[in-house]
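Dumped coords-v1.txt below, it's compact mmCIF, C-alpha atoms:
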```
# COMPACT_ATOMS: atom_id res chain seq x y z
CA MET T 15 138.88 106.38 69.11
CA SER T 16 141.05 103.34 69.20
CA GLN T 17 142.08 101.32 66.19
CA ASP T 18 140.87 97.75 65.96
CA ALA T 19 142.88 95.32 68.04
CA GLY T 20 143.70 93.02 65.14
CA SER T 21 144.84 95.58 62.61
CA SER T 22 148.43 96.57 61.91
CA PRO T 23 148.70 100.35 61.76
CA ASP T 24 152.06 100.25 59.98
CA VAL T 25 151.59 98.60 56.61
CA ALA T 26 149.46 99.58 53.65
CA LEU T 27 147.48 96.94 51.80
CA SER T 28 148.74 98.28 48.48
CA SER T 29 152.41 97.67 49.28
CA PRO T 30 154.59 97.21 46.16
CA ALA T 31 157.39 94.68 46.49
CA ALA T 32 160.99 95.76 46.03
CA GLY T 33 163.54 92.97 46.03
CA PRO T 34 167.27 93.44 46.69
CA GLY T 35 168.82 95.79 44.16
CA ARG T 36 165.48 96.58 42.51
CA HIS T 37 164.13 100.09 41.91
CA GLY T 38 167.47 101.71 42.71
CA LEU T 39 167.76 100.32 46.24
CA THR T 40 170.64 98.39 47.80
CA TYR T 41 170.84 96.67 51.18
CA PRO T 42 174.42 96.75 52.55
CA CYS T 43 173.95 95.51 56.12
CA GLU T 44 174.24 92.09 57.70
CA THR T 45 171.00 91.19 59.53
CA PRO T 46 170.98 90.60 63.31
CA GLY T 47 169.42 87.49 64.80
CA ASP T 48 166.09 87.49 66.61
CA GLY T 49 166.21 89.82 69.58
CA ARG T 50 169.88 90.66 68.98
CA SER T 51 171.81 93.60 67.57
CA LEU T 52 174.63 94.43 65.17
CA PRO T 53 176.50 97.68 64.41
CA VAL T 54 175.40 99.51 61.26
CA ALA T 55 177.53 102.65 61.67
CA GLU T 56 179.91 104.28 64.15
CA GLY T 57 178.17 104.07 67.53
CA VAL T 58 174.82 102.90 66.09
CA ARG T 59 173.40 99.41 66.56
CA TRP T 60 170.45 97.77 64.82
CA ILE T 61 168.24 95.76 67.22
CA ARG T 62 165.91 93.34 65.43
CA MET T 63 162.96 92.74 67.75
CA PRO T 64 160.47 89.95 66.97
CA MET T 65 156.76 90.75 66.94
CA PRO T 66 153.63 88.80 66.00
CA GLY T 67 151.78 89.27 62.72
CA SER T 68 152.82 89.53 59.11
CA LEU T 69 155.62 92.01 59.76
CA LYS T 70 157.41 89.56 62.10
CA TYR T 71 160.02 92.12 63.21
CA ILE T 72 160.50 95.76 64.07
CA ASN T 73 163.86 97.50 63.86
CA LEU T 74 164.96 99.42 66.93
CA TRP T 75 168.12 101.53 67.18
CA ALA T 76 170.67 102.20 69.92
CA ILE T 77 172.91 105.25 69.51
CA ARG T 78 176.06 105.56 71.63
CA ASP T 79 175.52 108.44 74.06
CA ASP T 80 178.45 108.48 76.47
CA ALA T 81 179.26 111.09 79.09
CA PRO T 82 182.59 111.28 80.95
CA GLY T 83 182.79 108.11 83.01
CA GLN T 84 179.20 107.21 82.09
CA PRO T 85 178.83 104.95 79.03
CA GLY T 86 175.29 105.10 77.75
CA TRP T 87 172.82 104.75 74.91
CA THR T 88 169.91 106.62 73.40
CA LEU T 89 167.24 104.10 72.38
CA VAL T 90 165.05 104.81 69.36
CA ASP T 91 161.70 102.95 69.44
CA THR T 92 160.95 100.09 71.79
CA GLY T 93 158.77 97.25 70.43
CA LEU T 94 155.39 95.91 71.52
CA GLN T 95 154.56 95.33 75.17
CA LEU T 96 154.98 91.55 75.29
CA PRO T 97 156.85 89.14 77.60
CA ASP T 98 159.05 88.09 74.68
CA THR T 99 159.98 91.72 74.01
CA ALA T 100 160.92 92.27 77.66
CA ALA T 101 163.08 89.13 77.63
CA ALA T 102 164.80 90.24 74.44
CA TRP T 103 165.46 93.70 75.88
CA ARG T 104 167.03 92.18 78.99
CA ARG T 105 169.35 90.09 76.84
CA VAL T 106 170.32 92.97 74.52
CA LEU T 107 170.96 95.34 77.41
CA ALA T 108 173.03 92.81 79.37
CA GLU T 109 175.07 91.56 76.44
CA ASP T 110 175.01 93.65 73.27
CA LEU T 111 174.84 97.12 74.85
CA ALA T 112 177.09 96.46 77.86
CA PRO T 113 178.83 98.36 79.29
CA GLY T 114 176.42 101.25 79.23
CA THR T 115 172.86 101.97 80.26
CA PRO T 116 170.00 103.74 78.46
CA LYS T 117 169.97 107.52 79.00
CA ARG T 118 166.77 108.38 77.13
CA ILE T 119 164.14 106.91 74.84
CA ILE T 120 163.09 108.48 71.55
CA ALA T 121 159.84 107.24 70.02
CA THR T 122 159.41 108.07 66.35
CA HIS T 123 155.63 107.86 66.73
CA MET T 124 152.78 106.50 68.80
CA HIS T 125 152.00 103.11 67.26
CA PRO T 126 152.32 100.24 69.76
CA ASP T 127 155.24 98.49 68.08
CA HIS T 128 157.23 101.71 68.44
CA VAL T 129 156.16 103.00 71.86
CA GLY T 130 154.85 99.81 73.50
CA MET T 131 157.82 99.25 75.84
CA ALA T 132 158.75 102.91 76.36
CA GLY T 133 157.04 103.06 79.75
CA TRP T 134 158.69 99.81 80.84
CA LEU T 135 162.17 100.98 79.85
CA GLY T 136 161.60 104.44 81.29
CA LYS T 137 160.53 103.03 84.63
CA LYS T 138 163.34 100.46 84.72
CA PHE T 139 166.09 103.02 84.11
CA ASP T 140 164.39 106.22 85.33
CA ILE T 141 164.84 107.95 81.98
CA ALA T 142 162.69 110.32 79.94
CA LEU T 143 160.59 109.61 76.87
CA TRP T 144 161.20 112.01 73.98
CA MET T 145 158.35 112.35 71.44
CA THR T 146 156.63 114.99 69.39
CA ARG T 147 153.63 116.52 71.12
CA LEU T 148 150.90 115.16 68.84
CA GLU T 149 152.31 111.64 68.98
CA TYR T 150 152.49 111.61 72.79
CA LEU T 151 149.04 113.12 73.34
CA THR T 152 147.39 110.98 70.65
CA CYS T 153 148.86 107.86 72.23
CA ARG T 154 147.53 108.88 75.64
CA VAL T 155 144.04 109.32 74.15
CA LEU T 156 144.06 105.97 72.35
CA VAL T 157 145.32 104.09 75.40
CA ALA T 158 142.50 105.66 77.41
CA ASP T 159 139.95 104.00 75.09
CA THR T 160 140.76 100.62 76.64
CA GLY T 161 137.65 99.35 78.42
CA ARG T 162 135.30 101.92 76.88
CA PRO T 163 132.34 100.88 74.72
CA ALA T 164 132.63 101.71 71.04
CA PRO T 165 131.35 105.25 70.39
CA GLN T 166 128.42 106.05 68.14
CA ASP T 167 130.66 108.31 66.04
CA GLY T 168 132.74 105.27 65.16
CA GLU T 169 129.67 103.25 64.23
CA ARG T 170 128.41 106.08 61.99
CA PHE T 171 131.84 106.30 60.37
CA TYR T 172 131.85 102.64 59.32
CA ARG T 173 128.17 102.62 58.39
CA ALA T 174 128.84 105.57 56.06
CA ALA T 175 131.53 103.45 54.38
CA GLY T 176 128.99 100.72 53.63
CA TRP T 177 129.68 98.25 56.44
CA THR T 178 127.01 95.72 57.37
CA ASP T 179 125.48 95.35 60.83
CA ASP T 180 127.61 92.25 61.44
CA GLN T 181 130.80 94.10 60.52
CA ILE T 182 129.92 96.97 62.83
CA GLU T 183 129.32 94.49 65.64
CA VAL T 184 132.86 93.20 65.14
CA TYR T 185 134.09 96.78 65.43
CA ARG T 186 132.24 97.08 68.76
CA THR T 187 133.82 93.92 70.15
CA ARG T 188 137.34 94.88 69.08
CA PHE T 189 137.23 98.53 70.08
CA GLY T 190 139.83 99.63 72.62
CA GLY T 191 142.51 97.09 71.71
CA PHE T 192 145.25 99.67 71.13
CA GLY T 193 146.20 99.95 74.79
CA LYS T 194 146.71 96.22 75.27
CA SER T 195 150.09 96.45 73.51
CA VAL T 196 151.34 99.58 75.27
CA TYR T 197 152.95 99.61 78.73
CA ALA T 198 151.67 102.54 80.82
CA LEU T 199 153.16 105.71 79.38
CA PRO T 200 155.04 108.11 81.65
CA ASP T 201 152.96 111.07 82.81
CA SER T 202 155.48 113.51 81.38
CA TYR T 203 157.69 113.60 78.32
CA ARG T 204 160.29 115.73 76.58
CA ARG T 205 158.87 117.30 73.43
CA LEU T 206 160.62 116.90 70.07
CA ARG T 207 160.16 119.71 67.54
CA ASP T 208 160.52 119.70 63.78
CA GLY T 209 163.96 120.99 62.81
CA GLU T 210 165.38 120.64 66.33
CA VAL T 211 169.01 119.49 66.52
CA ILE T 212 169.76 116.95 69.26
CA ARG T 213 173.27 116.09 70.39
CA ILE T 214 173.58 112.34 70.89
CA GLY T 215 177.06 111.30 71.89
CA ASP T 216 179.54 112.75 69.39
CA HIS T 217 177.06 113.71 66.69
CA ASP T 218 174.14 116.03 65.97
CA TRP T 219 170.82 114.59 64.82
CA THR T 220 168.10 116.74 63.23
CA VAL T 221 164.42 116.01 63.80
CA VAL T 222 162.54 115.80 60.48
CA VAL T 223 158.79 115.52 61.05
CA GLY T 224 156.59 113.71 58.56
CA THR T 225 152.83 113.32 58.54
CA GLY T 226 150.18 111.11 56.97
CA HIS T 227 151.06 107.79 58.56
CA SER T 228 150.73 109.28 62.03
CA PRO T 229 150.11 112.82 63.31
CA GLU T 230 153.69 114.09 63.87
CA HIS T 231 156.17 111.36 63.05
CA ALA T 232 159.80 112.14 63.98
CA CYS T 233 162.61 110.96 61.72
CA LEU T 234 166.23 111.54 62.81
CA TYR T 235 168.88 112.69 60.33
CA CYS T 236 172.61 112.70 61.14
CA PRO T 237 174.67 114.51 58.46
CA ASP T 238 178.02 113.42 59.99
CA LEU T 239 177.17 109.74 59.82
CA LYS T 240 174.99 110.04 56.69
CA LEU T 241 172.15 108.21 58.44
CA LEU T 242 168.37 108.69 58.45
CA ILE T 243 166.33 106.84 61.07
CA SER T 244 163.08 106.87 59.13
CA GLY T 245 160.70 104.93 61.38
CA ASP T 246 157.61 104.14 59.31
CA GLN T 247 157.85 107.32 57.23
CA VAL T 248 160.05 105.63 54.60
CA LEU T 249 160.11 101.84 54.23
CA PRO T 250 161.98 100.06 51.43
CA LYS T 251 159.77 97.09 50.48
CA ILE T 252 156.33 97.94 51.83
CA SER T 253 154.22 101.08 51.87
CA SER T 254 153.23 102.66 55.16
CA ASN T 255 149.57 102.66 56.07
CA VAL T 256 147.92 106.02 55.33
CA SER T 257 144.38 105.96 56.70
CA VAL T 258 141.42 108.03 57.78
CA HIS T 259 140.12 107.15 61.26
CA PRO T 260 136.78 107.81 63.01
CA THR T 261 138.32 110.56 65.15
CA GLU T 262 138.81 112.80 62.08
CA PRO T 263 136.56 111.50 59.30
CA ASP T 264 137.24 114.39 56.90
CA ALA T 265 141.03 114.35 57.23
CA ASP T 266 143.32 114.28 54.19
CA PRO T 267 146.25 112.15 55.42
CA LEU T 268 147.25 111.24 51.87
CA GLY T 269 147.78 114.91 51.09
CA ASP T 270 149.90 115.15 54.23
CA TRP T 271 151.82 112.03 53.23
CA LEU T 272 152.60 113.29 49.72
CA SER T 273 153.73 116.65 51.11
CA SER T 274 156.03 114.82 53.52
CA ILE T 275 157.60 112.90 50.66
CA ASP T 276 158.52 116.22 49.03
CA LYS T 277 159.77 117.61 52.34
CA ILE T 278 162.06 114.69 53.13
CA ARG T 279 163.42 114.67 49.59
CA SER T 280 164.33 118.36 49.92
CA LEU T 281 165.88 118.13 53.40
CA VAL T 282 167.72 114.80 53.35
CA PRO T 283 170.33 114.01 50.68
CA ASP T 284 170.22 110.82 48.68
CA ASP T 285 173.53 109.48 50.00
CA VAL T 286 172.22 108.53 53.45
CA LEU T 287 171.84 105.00 54.75
CA VAL T 288 168.16 104.77 55.65
CA LEU T 289 167.39 102.91 58.89
CA PRO T 290 163.70 101.94 58.59
CA ALA T 291 161.40 100.41 61.18
CA HIS T 292 160.65 97.40 58.97
CA ASN T 293 162.68 95.50 56.35
CA GLU T 294 166.42 96.20 56.04
CA PRO T 295 168.58 99.35 56.04
CA PHE T 296 169.01 100.61 52.49
CA HIS T 297 170.58 103.10 50.14
CA GLY T 298 168.39 104.83 47.57
CA LEU T 299 166.22 107.24 49.58
CA HIS T 300 165.14 109.48 46.71
CA ALA T 301 164.37 106.59 44.40
CA ARG T 302 162.15 105.09 47.09
CA LEU T 303 160.39 108.41 47.76
CA ASN T 304 159.74 108.83 44.03
CA ARG T 305 158.33 105.32 43.77
CA LEU T 306 156.03 105.83 46.75
CA ALA T 307 154.65 109.04 45.28
CA ALA T 308 154.17 107.44 41.85
CA GLY T 309 152.36 104.47 43.38
CA HIS T 310 149.80 106.68 45.07
CA ALA T 311 149.33 108.69 41.87
CA ARG T 312 148.51 105.50 39.97
CA GLY T 313 146.08 104.45 42.70
CA LEU T 314 144.26 107.77 42.50
CA GLU T 315 143.89 107.45 38.73
CA ARG T 316 142.48 103.92 39.02
CA LEU T 317 140.09 105.18 41.67
CA LEU T 318 138.86 108.01 39.43
CA GLU T 319 138.09 105.48 36.69
CA ARG T 320 135.96 103.51 39.16
CA LEU T 321 134.01 106.61 40.20
CA HIS T 322 132.30 107.35 36.90
CA GLU T 323 129.35 105.71 38.64
CA PRO T 324 128.41 106.38 42.29
CA ARG T 325 130.35 104.10 44.66
CA ARG T 326 130.57 103.49 48.38
CA VAL T 327 133.92 103.12 50.14
CA ILE T 328 133.60 99.34 50.16
CA ASP T 329 132.94 99.37 46.39
CA VAL T 330 136.34 100.82 45.48
CA PHE T 331 138.65 98.33 47.19
CA GLY T 332 139.37 96.59 43.89
CA ALA T 333 140.78 99.80 42.41
CA LEU T 334 143.35 100.13 45.21
CA PHE T 335 144.19 96.68 46.57
CA ALA T 336 145.39 93.58 44.76
CA ARG T 337 144.49 91.19 47.58
CA PRO T 338 140.93 90.23 48.52
CA ILE T 339 139.53 92.04 51.57
CA ASN T 340 138.24 88.97 53.34
CA THR T 341 139.03 89.36 57.05
CA ASP T 342 137.84 91.75 59.74
CA SER T 343 141.26 93.34 60.21
CA LEU T 344 141.76 93.81 56.47
CA MET T 345 138.29 95.37 56.26
CA SER T 346 139.28 98.02 58.77
CA LEU T 347 142.59 98.76 57.07
CA ALA T 348 141.08 98.85 53.59
CA THR T 349 138.34 101.23 54.70
CA GLY T 350 140.85 103.65 56.23
CA GLU T 351 143.16 103.56 53.20
CA ALA T 352 140.33 103.88 50.68
CA LEU T 353 138.96 106.87 52.57
CA ALA T 354 142.40 108.48 52.55
CA HIS T 355 142.36 108.36 48.74
CA LEU T 356 138.72 109.46 48.48
CA ASN T 357 139.19 112.35 50.88
CA HIS T 358 142.25 113.48 48.94
CA LEU T 359 140.22 113.60 45.73
CA LEU T 360 137.48 115.49 47.59
CA ALA T 361 140.05 118.01 48.84
CA GLN T 362 141.22 118.51 45.26
CA GLY T 363 137.65 119.08 44.07
CA ARG T 364 137.76 116.15 41.65
CA ILE T 365 134.87 114.14 43.09
CA THR T 366 131.68 114.72 45.05
CA ARG T 367 130.14 112.93 48.04
CA ARG T 368 126.51 112.59 49.00
CA ARG T 369 124.86 110.89 51.95
CA ASP T 370 121.74 108.78 51.45
CA ASP T 371 118.86 108.29 53.88
CA ALA T 372 120.62 105.27 55.46
CA GLY T 373 123.68 107.36 56.32
CA VAL T 374 125.85 105.81 53.61
CA HIS T 375 128.23 108.01 51.58
CA TRP T 376 128.37 107.76 47.79
CA TYR T 377 131.28 109.15 45.78
CA GLN T 378 131.38 110.13 42.10
CA VAL T 379 133.58 112.01 39.62
CA ILE T 380 132.43 115.57 39.00
```
Could you write out this structure as structure tokens?
Amino acid sequence: MSQDAGSSPDVALSSPAAGPGRHGLTYPCETPGDGRSLPVAEGVRWIRMPMPGSLKYINLWAIRDDAPGQPGWTLVDTGLQLPDTAAAWRRVLAEDLAPGTPKRIIATHMHPDHVGMAGWLGKKFDIALWMTRLEYLTCRVLVADTGRPAPQDGERFYRAAGWTDDQIEVYRTRFGGFGKSVYALPDSYRRLRDGEVIRIGDHDWTVVVGTGHSPEHACLYCPDLKLLISGDQVLPKISSNVSVHPTEPDADPLGDWLSSIDKIRSLVPDDVLVLPAHNEPFHGLHARLNRLAAGHARGLERLLERLHEPRRVIDVFGALFARPINTDSLMSLATGEALAHLNHLLAQGRITRRRDDAGVHWYQVI
């Protein structure tokens, strides 16, 4: 079931700020202009692609991938399907990446700002899309929701969270918006696997899969260059959205997310330059991972304090989010994030859930 059209799937509402040099992070790179690129390492360019909404930009990456007599690039992530994105790609390809043409596209995950132009680029250059299996198939399912009426399962999901009839009607009207920002995906793809080593140009890159933000998110780690393309799995100044969705109402994505923090910390050394999808490249990977884990731990403790009395999902927003939840898109995001925390506590056996006669769920500390 598709996410709401107006929500951003990338950013958590409970994002802690982290200014330059704070919390053990440093930002060594010059920033490209809108729709332009700059080198950040040997054979790697940072493309800063504008996008609407509060994020304003997504970071895309071009990795030099030459063959004898054939200069080329591997592109990592693609931006939203928008006329402005297409125009920016034409300019970057003709100027910043010339000479050389794209040889393949790697999408870290299935959210529209990452995969939205993959079909357009693939068709233009007759090149393959490389993704993990769950990301590719999940994207195909969500795109197929375009034009469908909102399902009853989705309505029950939001009613159980405590939504009003008016709020559920907004969900109905916005359902299916995911596909509007995604150019038609290719009908085939090349599967990425966790731990796989890919040769790109002169260097090997290892696929490190994380979960929680999306089903099978692929990060790319290059030991030679000491680089980690982290996508949305590790961001320096904002927290990635970790949400429960109507398709899997009993999921524990926060448990997956916390496990992925431990996994990345164990597999990727702290001396890498992290190339994230949003904000700026940074040093300080392990400090950032530790801070993300600690932030969720504090949120869970605040939530437990709130649950000494029975609460609905919509009653616990104040324990998790500093900002007021006062728009339709924020309502959707807050519900998904709050459920991620509640489901994690349920999985740990620390709280209970009961359903009343109106179909609303109530949560309480055991």
Top pick for closest residue to Thr40 in chain T, considering T:His322, T:Asp285, T:Ala361, T:Leu306 and counting all atoms listed in the file
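Nearest candidate to Thr40 in chain T out of T:His322, T:Asp285, T:Ala361, T:Leu306: T:Asp285.
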Please identify all polymer residues within 10 Å of Leu334 in chain T, counting all atoms listed in the file, omitting same-chain residues fewer than 5 positions from it, and present them as a list in words.
Leu27, Ser28, His310, Arg312, Gly313, Leu314, Glu315, Arg316, Leu317, Ala348, Glu351, Ala352 and His355 of chain T
From CA of Leu156 in chain T to CA of Asn255 in chain T the spacing works out at 17.5 Å
My list of candidates is T:Pro260, T:Gly93, T:Gly224, T:Gly57. Which is closest to Tyr71 in chain T when distances are computed with only C-alpha atoms?
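Closest residue, counting only C-alpha atoms: T:Gly93.
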Nearest to Leu206 in chain T, chosen from T:Val258, T:Met131, T:Met63, T:Leu143, with only C-alpha atoms counted in the distances
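When distances to Leu206 in chain T are compared using only C-alpha atoms, the smallest one comes from T:Leu143.
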For a cutoff of 12 Å around the file-coordinate point (135.9, 104.5, 73.5), which residues qualify once you count all atoms listed in the file? I'd like the result as number ranges by chain.
T: 15-18, 155-169, 185-193, 260-261
Distance of CA of Ala121 in chain T from CA of Gly136 in chain T, expressed in Å to one decimal place
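So the two atoms, CA of Gly136 in chain T and CA of Ala121 in chain T, lie 11.7 Å apart.
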Out of T:Leu239, T:Asp48, T:Ile328, T:Leu356, which residue has the shortest atom-to-atom distance to Asp216 in chain T when counting only C-alpha atoms?
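Closest to Asp216 in chain T, using only C-alpha atoms: T:Leu239.
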So which residues fall inside 6 Å of (166.6, 104.1, 74.5) if we count only C-alpha atoms? Mind giving them as a ChimeraX atom specification?
/T:88-90,116,118-119
Which of T:Leu242, T:Cys43, T:Ala265, T:Met145 sits closest to Asp208 in chain T [using only C-alpha atoms]:
T:Met145
Need the shell around Val106 in chain T: protein/DNA/RNA residues with any atom at most 9 Å away, counting all atoms listed in the file. Skip same-chain ones fewer than 6 positions apart. Format as an MDAnalysis selection string?
chainID T and resid 49:51 61 112
Nearest residue to Ala198 in chain T from the set T:Ala232, T:Val58, T:Cys153, T:Leu287 (distances using all atoms listed in the file)
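Looking only at the distances to Ala198 in chain T, the closest residue turns out to be T:Cys153.
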